[in-house]
$ cat upload_1.cif   # mmCIF, C-alpha atoms
data_start
#
loop_
_atom_site.label_atom_id
_atom_site.label_comp_id
_atom_site.auth_asym_id
_atom_site.auth_seq_id
_atom_site.Cartn_x
_atom_site.Cartn_y
_atom_site.Cartn_z
CA MET E 10 -9.19 -27.30 -25.24
CA SER E 11 -11.98 -25.04 -24.01
CA GLY E 12 -15.59 -25.28 -22.95
CA LYS E 13 -18.43 -23.13 -21.69
CA ALA E 14 -19.36 -21.71 -18.31
CA VAL E 15 -22.91 -20.60 -17.51
CA LEU E 16 -23.58 -17.58 -15.33
CA LYS E 17 -27.11 -17.01 -13.97
CA LEU E 18 -27.96 -13.39 -13.19
CA GLU E 19 -31.33 -11.77 -12.57
CA GLY E 20 -33.24 -14.55 -14.26
CA LYS E 21 -31.00 -14.69 -17.32
CA GLU E 22 -28.28 -17.12 -18.36
CA TYR E 23 -25.02 -16.09 -19.99
CA GLU E 24 -22.47 -18.39 -21.56
CA PHE E 25 -18.77 -17.60 -21.39
CA ASP E 26 -15.86 -19.45 -22.94
CA THR E 27 -13.41 -21.26 -20.69
CA LEU E 28 -9.67 -21.37 -21.26
CA VAL E 29 -7.13 -24.05 -20.37
CA GLY E 30 -3.42 -23.27 -20.26
CA SER E 31 -0.65 -25.61 -21.38
CA GLU E 32 -0.12 -26.77 -17.76
CA GLY E 33 -3.82 -27.32 -17.10
CA GLU E 34 -4.64 -23.98 -15.46
CA LYS E 35 -8.29 -23.11 -16.03
CA ALA E 36 -10.02 -19.76 -16.46
CA ILE E 37 -13.35 -18.28 -17.45
CA ASP E 38 -13.07 -15.67 -20.18
CA PHE E 39 -14.84 -12.65 -18.70
CA THR E 40 -13.49 -10.09 -21.17
CA LYS E 41 -17.09 -9.26 -22.20
CA LEU E 42 -18.68 -9.68 -18.78
CA ARG E 43 -19.57 -6.02 -18.27
CA ALA E 44 -20.65 -5.46 -21.85
CA ARG E 45 -23.06 -8.42 -21.74
CA THR E 46 -24.33 -8.34 -18.15
CA GLY E 47 -23.61 -4.89 -16.72
CA TYR E 48 -21.62 -6.55 -13.94
CA VAL E 49 -17.88 -6.49 -13.24
CA GLY E 50 -15.82 -8.96 -11.24
CA PHE E 51 -14.84 -7.92 -7.72
CA ASP E 52 -11.43 -9.34 -6.79
CA PRO E 53 -9.30 -7.21 -4.42
CA GLY E 54 -5.62 -8.02 -4.90
CA TYR E 55 -6.44 -9.79 -8.20
CA GLY E 56 -5.76 -13.19 -6.62
CA ASN E 57 -8.42 -14.83 -8.78
CA THR E 58 -7.96 -12.75 -11.91
CA GLY E 59 -5.90 -13.76 -14.93
CA SER E 60 -4.59 -10.45 -16.26
CA CYS E 61 -2.86 -11.81 -19.35
CA ARG E 62 -1.82 -14.82 -21.38
CA SER E 63 1.87 -15.55 -20.88
CA SER E 64 4.39 -18.16 -22.01
CA ILE E 65 7.28 -17.01 -19.82
CA THR E 66 7.05 -18.46 -16.31
CA PHE E 67 5.00 -21.27 -14.81
CA VAL E 68 4.43 -21.55 -11.07
CA ASP E 69 2.52 -24.35 -9.35
CA GLY E 70 2.29 -23.31 -5.73
CA GLU E 71 0.65 -26.55 -4.64
CA LYS E 72 3.47 -28.73 -5.97
CA GLY E 73 6.35 -26.30 -5.45
CA ILE E 74 7.18 -25.97 -9.15
CA LEU E 75 8.89 -23.05 -10.88
CA ARG E 76 9.86 -23.13 -14.55
CA TYR E 77 11.26 -20.49 -16.90
CA ARG E 78 10.12 -21.10 -20.48
CA GLY E 79 9.49 -24.74 -19.53
CA TYR E 80 12.87 -25.36 -17.91
CA PRO E 81 12.83 -26.34 -14.19
CA ILE E 82 14.47 -23.74 -11.96
CA GLU E 83 16.66 -26.48 -10.42
CA GLU E 84 18.27 -27.25 -13.79
CA ILE E 85 18.67 -23.59 -14.72
CA ALA E 86 20.35 -22.76 -11.40
CA GLU E 87 22.72 -25.71 -11.81
CA HIS E 88 23.72 -25.21 -15.43
CA ALA E 89 23.03 -21.63 -16.56
CA THR E 90 24.56 -18.23 -15.92
CA PHE E 91 22.39 -15.24 -15.12
CA LEU E 92 22.89 -13.69 -18.57
CA GLU E 93 22.04 -17.02 -20.22
CA THR E 94 18.86 -17.06 -18.12
CA ALA E 95 18.11 -13.48 -19.14
CA TYR E 96 18.44 -14.43 -22.81
CA LEU E 97 16.11 -17.40 -22.28
CA LEU E 98 13.43 -15.27 -20.63
CA ILE E 99 13.58 -12.43 -23.14
CA HIS E 100 13.95 -14.43 -26.35
CA GLY E 101 11.98 -17.55 -25.42
CA ASP E 102 14.63 -20.23 -25.91
CA LEU E 103 18.13 -21.14 -24.84
CA PRO E 104 20.81 -19.35 -26.87
CA THR E 105 23.32 -21.09 -29.10
CA ALA E 106 26.97 -20.59 -28.19
CA GLN E 107 27.25 -17.86 -30.83
CA GLN E 108 24.07 -16.09 -29.65
CA LEU E 109 25.18 -16.22 -26.02
CA ASP E 110 28.64 -14.85 -26.83
CA ALA E 111 27.09 -11.97 -28.76
CA PHE E 112 24.59 -11.22 -25.97
CA VAL E 113 27.24 -11.29 -23.23
CA SER E 114 29.54 -9.12 -25.36
CA ASP E 115 26.76 -6.54 -25.95
CA VAL E 116 26.00 -6.36 -22.24
CA SER E 117 29.68 -6.10 -21.28
CA ASN E 118 30.23 -3.22 -23.71
CA HIS E 119 27.35 -1.09 -22.40
CA THR E 120 27.96 -1.15 -18.65
CA MET E 121 29.29 2.40 -18.36
CA LEU E 122 26.99 5.25 -17.42
CA HIS E 123 27.03 8.57 -19.25
CA GLU E 124 29.32 10.90 -17.29
CA ASP E 125 26.48 13.39 -16.82
CA ILE E 126 24.41 10.75 -15.04
CA LYS E 127 27.05 10.66 -12.31
CA ARG E 128 26.01 14.21 -11.39
CA PHE E 129 22.61 12.87 -10.35
CA TYR E 130 24.13 11.10 -7.38
CA ALA E 131 25.54 14.33 -5.95
CA GLY E 132 21.98 15.62 -5.66
CA PHE E 133 20.87 12.75 -3.41
CA PRO E 134 21.42 12.78 0.37
CA LYS E 135 23.99 10.25 1.58
CA LYS E 136 21.24 8.45 3.47
CA ALA E 137 18.99 8.09 0.43
CA HIS E 138 17.66 4.55 0.06
CA PRO E 139 19.30 2.70 -2.87
CA MET E 140 15.86 1.83 -4.26
CA ALA E 141 14.91 5.52 -4.45
CA VAL E 142 18.16 6.30 -6.24
CA SER E 143 17.99 3.27 -8.56
CA SER E 144 14.41 3.99 -9.58
CA ALA E 145 15.21 7.63 -10.32
CA VAL E 146 18.35 6.91 -12.34
CA ALA E 147 16.74 4.03 -14.28
CA GLY E 148 13.89 6.36 -15.26
CA ALA E 149 16.39 9.09 -16.17
CA LEU E 150 17.91 6.82 -18.83
CA SER E 151 14.87 7.83 -20.90
CA ALA E 152 16.38 11.31 -21.19
CA PHE E 153 19.79 10.03 -22.23
CA TYR E 154 18.53 7.58 -24.85
CA PRO E 155 15.53 9.30 -26.51
CA GLU E 156 16.01 7.11 -29.60
CA HIS E 157 14.96 4.06 -27.53
CA LEU E 158 11.55 5.27 -26.38
CA ASP E 159 9.26 3.81 -29.03
CA PRO E 160 8.10 0.26 -28.07
CA ALA E 161 7.24 -0.42 -31.71
CA LYS E 162 10.80 -0.07 -33.02
CA ASP E 163 12.37 -3.49 -32.54
CA GLN E 164 15.96 -2.50 -33.26
CA ASP E 165 15.92 0.42 -30.84
CA LEU E 166 14.06 -1.68 -28.26
CA ASN E 167 16.78 -4.35 -28.34
CA LYS E 168 19.37 -1.66 -27.65
CA ALA E 169 17.29 -0.37 -24.73
CA ILE E 170 17.09 -3.92 -23.32
CA ILE E 171 20.86 -4.38 -23.53
CA ARG E 172 21.53 -1.00 -21.94
CA LEU E 173 19.17 -1.64 -19.03
CA ILE E 174 20.64 -5.05 -18.20
CA ALA E 175 24.18 -3.71 -18.58
CA LYS E 176 23.76 -0.51 -16.59
CA LEU E 177 21.59 -1.50 -13.63
CA PRO E 178 24.54 -3.08 -11.70
CA THR E 179 26.49 0.14 -12.28
CA ILE E 180 23.51 2.24 -11.14
CA ILE E 181 23.13 0.19 -7.95
CA SER E 182 26.84 0.11 -7.11
CA TYR E 183 27.09 3.88 -7.57
CA ALA E 184 24.17 4.34 -5.16
CA TYR E 185 26.19 2.42 -2.57
CA LYS E 186 29.44 4.24 -3.30
CA HIS E 187 27.69 7.61 -2.96
CA SER E 188 26.22 6.63 0.42
CA ALA E 189 29.64 5.44 1.61
CA GLY E 190 31.44 8.57 0.41
CA GLN E 191 33.71 6.55 -1.84
CA PRO E 192 34.68 7.24 -5.48
CA PHE E 193 32.77 5.44 -8.20
CA MET E 194 34.49 2.44 -9.77
CA TYR E 195 34.17 2.05 -13.52
CA PRO E 196 32.97 -1.36 -14.74
CA ARG E 197 35.38 -3.84 -16.31
CA ASN E 198 34.39 -5.43 -19.61
CA ASN E 199 36.50 -8.53 -18.95
CA LEU E 200 34.53 -9.57 -15.84
CA ASP E 201 31.38 -11.63 -15.73
CA TYR E 202 28.11 -10.01 -14.63
CA ALA E 203 28.21 -10.88 -10.93
CA SER E 204 31.96 -10.32 -10.58
CA ASN E 205 31.65 -6.90 -12.17
CA LEU E 206 29.05 -5.86 -9.60
CA LEU E 207 31.17 -7.15 -6.71
CA ARG E 208 34.22 -5.25 -7.92
CA MET E 209 32.29 -1.99 -8.47
CA MET E 210 30.83 -2.36 -4.98
CA PHE E 211 33.92 -3.22 -2.96
CA ALA E 212 37.03 -2.10 -4.86
CA THR E 213 38.57 1.35 -4.37
CA PRO E 214 41.25 3.24 -6.32
CA CYS E 215 43.57 2.48 -3.39
CA GLU E 216 43.03 -1.27 -3.29
CA GLU E 217 41.84 -3.78 -5.85
CA TYR E 218 39.10 -6.24 -4.89
CA GLU E 219 39.80 -9.90 -5.54
CA VAL E 220 36.54 -11.52 -6.58
CA ASP E 221 35.98 -14.92 -5.01
CA GLU E 222 34.57 -17.39 -7.57
CA THR E 223 32.32 -19.08 -5.00
CA VAL E 224 30.86 -15.74 -3.93
CA ALA E 225 30.34 -14.64 -7.54
CA LYS E 226 28.67 -17.97 -8.35
CA ALA E 227 26.34 -17.68 -5.35
CA LEU E 228 25.38 -14.14 -6.35
CA ASP E 229 24.76 -15.31 -9.92
CA ILE E 230 22.45 -18.06 -8.61
CA LEU E 231 20.56 -15.56 -6.46
CA LEU E 232 19.99 -13.37 -9.52
CA ILE E 233 18.75 -16.40 -11.49
CA LEU E 234 16.29 -17.40 -8.76
CA HIS E 235 14.83 -13.89 -8.69
CA ALA E 236 14.70 -13.46 -12.47
CA ASP E 237 10.94 -13.89 -12.88
CA HIS E 238 7.97 -15.07 -10.89
CA GLU E 239 4.81 -14.74 -12.94
CA GLN E 240 2.41 -11.80 -12.42
CA ASN E 241 3.62 -10.51 -9.06
CA CYS E 242 3.17 -6.92 -7.85
CA SER E 243 6.24 -5.38 -9.53
CA THR E 244 5.82 -7.35 -12.76
CA SER E 245 2.17 -6.35 -12.98
CA THR E 246 3.29 -2.75 -12.38
CA VAL E 247 5.75 -2.92 -15.27
CA ARG E 248 3.02 -4.34 -17.50
CA LEU E 249 0.44 -1.76 -16.40
CA VAL E 250 2.77 1.21 -16.90
CA GLY E 251 3.96 -0.22 -20.21
CA SER E 252 0.37 -0.67 -21.38
CA SER E 253 0.13 3.11 -21.75
CA MET E 254 2.93 2.81 -24.35
CA SER E 255 5.34 4.29 -21.83
CA ASN E 256 8.95 3.44 -22.66
CA LEU E 257 10.88 0.53 -21.17
CA PHE E 258 13.09 2.70 -18.92
CA ALA E 259 10.07 4.40 -17.31
CA SER E 260 8.25 1.08 -16.91
CA VAL E 261 11.22 -0.57 -15.18
CA SER E 262 11.63 2.48 -12.95
CA ALA E 263 8.04 1.95 -11.79
CA GLY E 264 8.76 -1.74 -11.24
CA ILE E 265 11.70 -0.89 -8.98
CA SER E 266 9.42 1.33 -6.89
CA ALA E 267 6.82 -1.44 -6.61
CA LEU E 268 9.48 -3.96 -5.56
CA TRP E 269 10.66 -1.60 -2.82
CA GLY E 270 7.69 -2.41 -0.58
CA PRO E 271 8.35 -4.60 2.50
CA LEU E 272 5.55 -6.97 1.44
CA HIS E 273 7.37 -7.65 -1.83
CA GLY E 274 11.11 -7.22 -2.39
CA GLY E 275 11.91 -6.00 1.09
CA ALA E 276 11.08 -9.30 2.77
CA ASN E 277 14.67 -10.63 2.92
CA GLN E 278 15.71 -7.54 4.88
CA LYS E 279 12.97 -8.33 7.39
CA VAL E 280 14.31 -11.89 7.73
CA VAL E 281 17.80 -10.67 8.62
CA GLU E 282 16.38 -8.19 11.12
CA MET E 283 14.36 -11.01 12.71
CA LEU E 284 17.40 -13.31 12.97
CA GLU E 285 19.50 -10.50 14.42
CA SER E 286 16.86 -9.79 17.06
CA ILE E 287 16.94 -13.46 18.12
CA ALA E 288 20.75 -13.53 18.09
CA SER E 289 20.97 -10.36 20.17
CA GLY E 290 19.44 -12.12 23.16
CA GLU E 291 15.67 -11.94 22.74
CA GLY E 292 15.42 -15.67 23.24
CA SER E 293 16.08 -18.90 21.38
CA ALA E 294 14.51 -20.10 18.14
CA GLU E 295 12.09 -22.18 20.23
CA VAL E 296 10.99 -19.18 22.30
CA PHE E 297 10.62 -17.02 19.20
CA LEU E 298 8.37 -19.55 17.46
CA GLU E 299 6.17 -19.86 20.52
CA LYS E 300 5.70 -16.11 20.43
CA ALA E 301 4.92 -16.28 16.71
CA LYS E 302 2.17 -18.81 17.39
CA SER E 303 0.54 -16.74 20.13
CA ARG E 304 -2.51 -14.70 19.20
CA ASP E 305 -1.62 -12.26 21.97
CA ASP E 306 1.82 -11.52 20.53
CA THR E 307 2.70 -9.40 17.47
CA THR E 308 5.83 -11.47 16.72
CA ARG E 309 5.89 -12.70 13.10
CA LEU E 310 7.96 -15.44 11.52
CA MET E 311 9.48 -13.78 8.45
CA GLY E 312 10.59 -15.73 5.38
CA PHE E 313 7.95 -18.43 5.77
CA GLY E 314 4.84 -18.76 3.64
CA HIS E 315 4.11 -17.32 0.21
CA ARG E 316 1.14 -15.83 -1.61
CA VAL E 317 1.49 -18.50 -4.31
CA TYR E 318 3.48 -21.40 -2.83
CA LYS E 319 1.58 -23.72 -0.51
CA ASN E 320 4.51 -26.11 -0.57
CA TYR E 321 8.28 -25.76 -0.14
CA ASP E 322 9.51 -22.91 -2.34
CA PRO E 323 11.89 -24.67 -4.78
CA ARG E 324 14.17 -21.62 -4.73
CA ALA E 325 14.66 -21.92 -0.96
CA THR E 326 16.36 -25.33 -1.29
CA ILE E 327 18.83 -23.98 -3.85
CA ILE E 328 19.59 -20.85 -1.83
CA LYS E 329 20.12 -22.82 1.37
CA LYS E 330 22.95 -24.81 -0.28
CA ALA E 331 24.45 -21.68 -1.84
CA CYS E 332 24.37 -20.04 1.59
CA SER E 333 26.33 -22.92 3.17
CA ASP E 334 28.85 -22.87 0.30
CA VAL E 335 29.54 -19.15 0.66
CA LEU E 336 29.92 -19.20 4.43
CA GLU E 337 32.21 -22.23 4.27
CA LYS E 338 34.38 -20.69 1.55
CA LEU E 339 34.67 -17.39 3.41
CA GLY E 340 35.34 -19.16 6.70
CA ILE E 341 32.42 -17.44 8.36
CA HIS E 342 30.73 -18.96 11.39
CA SER E 343 27.26 -17.48 11.15
CA LYS E 344 25.06 -17.33 14.21
CA LEU E 345 22.26 -16.14 11.95
CA LEU E 346 22.53 -19.26 9.77
CA GLU E 347 22.43 -21.49 12.84
CA ILE E 348 19.26 -19.77 14.03
CA ALA E 349 17.71 -19.93 10.56
CA VAL E 350 18.38 -23.67 10.25
CA ARG E 351 16.95 -24.26 13.72
CA LEU E 352 13.84 -22.20 12.94
CA GLU E 353 13.31 -24.26 9.79
CA GLU E 354 13.76 -27.58 11.61
CA ILE E 355 11.24 -26.67 14.30
CA ALA E 356 8.68 -25.09 11.97
CA LEU E 357 8.69 -28.04 9.55
CA SER E 358 7.83 -30.41 12.39
CA ASP E 359 5.41 -28.13 14.24
CA GLU E 360 1.74 -28.82 13.57
CA TYR E 361 0.91 -25.12 13.82
CA PHE E 362 3.10 -24.21 10.83
CA VAL E 363 2.63 -27.47 8.91
CA SER E 364 -1.18 -27.23 9.05
CA ARG E 365 -0.96 -23.68 7.70
CA ARG E 366 1.44 -24.83 4.98
CA LEU E 367 4.09 -22.33 6.01
CA TYR E 368 7.39 -23.33 4.44
CA PRO E 369 10.63 -21.36 3.91
CA ASN E 370 10.51 -19.08 0.87
CA VAL E 371 13.19 -17.50 -1.32
CA ASP E 372 13.78 -14.69 1.18
CA PHE E 373 14.62 -16.90 4.15
CA TYR E 374 18.29 -17.60 3.29
CA SER E 375 19.08 -14.96 0.64
CA GLY E 376 19.65 -12.17 3.15
CA ILE E 377 22.22 -14.27 5.01
CA ILE E 378 24.22 -14.65 1.78
CA TYR E 379 24.05 -10.93 1.05
CA GLN E 380 25.18 -10.12 4.56
CA ALA E 381 28.08 -12.61 4.38
CA ILE E 382 29.26 -10.89 1.18
CA ASN E 383 29.12 -7.57 3.11
CA PHE E 384 26.27 -5.98 1.18
CA PRO E 385 24.54 -3.42 3.44
CA VAL E 386 21.04 -4.44 4.46
CA ASN E 387 19.34 -1.56 2.66
CA LEU E 388 20.88 -2.77 -0.63
CA PHE E 389 19.22 -6.21 -0.51
CA THR E 390 16.10 -5.09 -2.37
CA ALA E 391 18.14 -3.35 -5.06
CA LEU E 392 19.95 -6.64 -5.70
CA PHE E 393 16.52 -8.28 -5.99
CA ALA E 394 15.65 -5.67 -8.65
CA MET E 395 18.82 -6.51 -10.55
CA GLY E 396 17.78 -10.16 -10.63
CA ARG E 397 14.17 -9.44 -11.55
CA LEU E 398 15.08 -7.13 -14.44
CA PRO E 399 15.07 -9.81 -17.21
CA GLY E 400 11.62 -10.93 -16.06
CA TRP E 401 10.26 -7.40 -16.17
CA ILE E 402 11.70 -6.90 -19.63
CA SER E 403 10.38 -10.21 -21.01
CA GLN E 404 6.90 -9.54 -19.60
CA TRP E 405 6.90 -6.01 -21.02
CA VAL E 406 7.96 -7.25 -24.46
CA GLU E 407 5.42 -10.10 -24.40
CA MET E 408 2.61 -7.67 -23.56
CA HIS E 409 3.45 -5.44 -26.52
CA ASP E 410 3.60 -8.45 -28.85
CA ASP E 411 0.15 -9.65 -27.72
CA LYS E 412 -2.46 -9.30 -30.48
CA GLY E 413 -5.03 -8.47 -27.82
CA PHE E 414 -2.89 -5.64 -26.39
CA LYS E 415 -4.80 -2.86 -24.69
CA ILE E 416 -4.15 -0.32 -21.97
CA GLY E 417 -4.70 -1.59 -18.44
CA ARG E 418 -7.79 -0.11 -16.84
CA PRO E 419 -9.26 -1.99 -13.83
CA ARG E 420 -12.85 -1.28 -12.75
CA GLN E 421 -14.08 -0.50 -9.26
CA ILE E 422 -17.14 -0.74 -7.03
CA TYR E 423 -17.95 2.85 -6.12
CA GLU E 424 -19.18 3.28 -2.53
CA GLY E 425 -18.97 7.05 -2.12
CA ALA E 426 -21.69 9.70 -1.89
CA THR E 427 -24.40 9.76 -4.51
CA GLN E 428 -25.19 12.99 -6.38
CA ARG E 429 -25.64 16.00 -4.09
CA PRO E 430 -26.02 19.76 -4.66
CA TRP E 431 -23.14 22.21 -4.41
CA LYS E 432 -23.04 24.28 -1.21
CA PRO E 433 -21.76 27.86 -1.24
CA LEU E 434 -18.85 28.48 1.13
CA GLU E 435 -20.93 30.54 3.58
CA GLU E 436 -23.46 27.71 3.99
CA ARG E 437 -20.91 25.02 4.96
CA LEU E 438 -20.81 24.28 8.68
#

$ encode --input "upload_1.cif" --output "structure tokens"
Amino acid sequence: MSGKAVLKLEGKEYEFDTLVGSEGEKAIDFTKLRARTGYVGFDPGYGNTGSCRSSITFVDGEKGILRYRGYPIEEIAEHATFLETAYLLIHGDLPTAQQLDAFVSDVSNHTMLHEDIKRFYAGFPKKAHPMAVSSAVAGALSAFYPEHLDPAKDQDLNKAIIRLIAKLPTIISYAYKHSAGQPFMYPRNNLDYASNLLRMMFATPCEEYEVDETVAKALDILLILHADHEQNCSTSTVRLVGSSMSNLFASVSAGISALWGPLHGGANQKVVEMLESIASGEGSAEVFLEKAKSRDDTTRLMGFGHRVYKNYDPRATIIKKACSDVLEKLGIHSKLLEIAVRLEEIALSDEYFVSRRLYPNVDFYSGIIYQAINFPVNLFTALFAMGRLPGWISQWVEMHDDKGFKIGRPRQIYEGATQRPWKPLEERL
């Protein structure tokens, strides 16, 4: 169902079609705005701009709804595995038992990295951030698989998709092992996705690592909850880079770099740092929140509020339970969890935060889980990238399948100097 919108400019009227999505989202089709009127839309941050048509993920920030391909995130987190979720996002529907077995088998059989890629790690400083290393190595896969660079070749593209999903856990674990000065651990084809990562991270040739099922399940859930989230910064980056017909490896490498920013994927690290500062003796949760409310104080409450959600982030509820399960199973008494729960209790009953619709988001409890599993803090964002990978891939594929596909090219409002004459060097003062 669509209608018309009328725009009045300089004494003239222009009609534009309106669009209505399957969940009732409304838009004005301004694809010919500049051609017809000479004007462009001005929307810094693109918060009011629909950049594409998509059938992958639906978010209703007012109602706290998140669905992948129509399935509520609560049901997916309860019933699906991460690889099953990846299949759903990429292929558009839930796999049959046979399709899932084949997909899992393909991923399991492509987890190893080419031996020459291991040399890359020796060239990085030990203190290199895992996101810098992961982005570089993911992009370097383009050089090792030149047959997978053409987006138009479906068969080769499917192989590139499998290789990316299979190898990113290996890439990330090797970044950690290099920083720790430990030997790389080869992946095991008989382990599930999350368990394989845990073993590559924490096992050594001297001592095998026993994977705890509860920990592996919690990690799998975290990956599911991060798998896609509509047209966020990193996803839009993957789409924009891919719109130049750049290959999937290069596009994902750019997405990893975009996710690295503290305003995007780095938020859960900021939450842990905040909780640690409170636990170290800078005051109670009550004192901290009073500081956060003060205009004269720079203290910020991290992990609350979201660019899209103006209600409780549905992922936060799921993660909170997973967090409690992991800590209980590991027998960990977490001061950070106690503080986090207390912060949530106070904030949800405080008029200051309630009136501003600041609720816990996905980052608020995820860092506590990562820390309980012994992941170093600087690896949190890389784990986020691992979870978001299927979403990036599905969005990239969808863009290339779009009949209206074109290279991304935003406009601007130029505010610089107007034309002026060239000055010879001797005349410049």

$ resolve_selection --input "upload_1.cif" --expression "the PyMOL selection byres ((chain E and resi 182-185) around 7)" --output "NGL selection string"
:E and (139 or 142 or 178-181 or 186-189 or 193 or 206 or 209-210)

$ closest_atom_pairs --input "upload_1.cif" --of "stretch 46-113 of chain E" --to "stretch 158-174 of chain E" --cutoff "12 Å" --atoms "only C-alpha atoms" --output "CSV"
residue,atom,partner,partner_atom,distance
E:Phe91,CA,E:Ile174,CA,10.8
E:Leu92,CA,E:Ile174,CA,8.9
E:Ala95,CA,E:Ile174,CA,8.9
E:Tyr96,CA,E:Ile171,CA,10.4
E:Ile99,CA,E:Ile170,CA,9.2
E:His100,CA,E:Asn167,CA,10.7
E:Ala111,CA,E:Ile171,CA,11.1
E:Phe112,CA,E:Ile171,CA,8.2
E:Val113,CA,E:Ile171,CA,9.4

$ resolve_selection --input "upload_1.cif" --expression "the PyMOL selection byres ((chain E and resi 322) around 6)" --output "JSON, numbers by chain"
{"E": [73, 321, 323, 324, 325, 370]}

$ residues_around --input "upload_1.cif" --residues "E:Cys215" --least-positions-apart "3" --cutoff "12 Å" --atoms "only C-alpha atoms" --output "list in words"
Gln191, Pro192, Met194, Phe211, Ala212 and Tyr218 of chain E

$ closest_residue --input "upload_1.cif" --among "E:Ala89, E:Ala227, E:Leu352, E:Ala106" --to "E:Met283" --atoms "all atoms listed in the file"
E:Leu352

$ closest_residue --input "upload_1.cif" --among "E:Ile85, E:Leu16, E:Leu177, E:Leu98" --to "E:Phe258" --atoms "only C-alpha atoms"
E:Leu177

$ resolve_selection --input "upload_1.cif" --expression "the PyMOL selection byres ((chain E and resi 282) around 12)" --output "compact mmCIF listing (two decimals) with C-alpha atoms, in the frame of the given file"
# COMPACT_ATOMS: atom_id res chain seq x y z
CA GLY E 275 11.91 -6.00 1.09
CA ALA E 276 11.08 -9.30 2.77
CA ASN E 277 14.67 -10.63 2.92
CA GLN E 278 15.71 -7.54 4.88
CA LYS E 279 12.97 -8.33 7.39
CA VAL E 280 14.31 -11.89 7.73
CA VAL E 281 17.80 -10.67 8.62
CA MET E 283 14.36 -11.01 12.71
CA LEU E 284 17.40 -13.31 12.97
CA GLU E 285 19.50 -10.50 14.42
CA SER E 286 16.86 -9.79 17.06
CA ILE E 287 16.94 -13.46 18.12
CA ALA E 288 20.75 -13.53 18.09
CA SER E 289 20.97 -10.36 20.17
CA ARG E 309 5.89 -12.70 13.10
CA LEU E 310 7.96 -15.44 11.52
CA MET E 311 9.48 -13.78 8.45
CA GLY E 312 10.59 -15.73 5.38
CA LEU E 345 22.26 -16.14 11.95
CA ALA E 349 17.71 -19.93 10.56
CA PHE E 373 14.62 -16.90 4.15
CA GLY E 376 19.65 -12.17 3.15
CA ILE E 377 22.22 -14.27 5.01
CA GLN E 380 25.18 -10.12 4.56
CA VAL E 386 21.04 -4.44 4.46
CA ASN E 387 19.34 -1.56 2.66
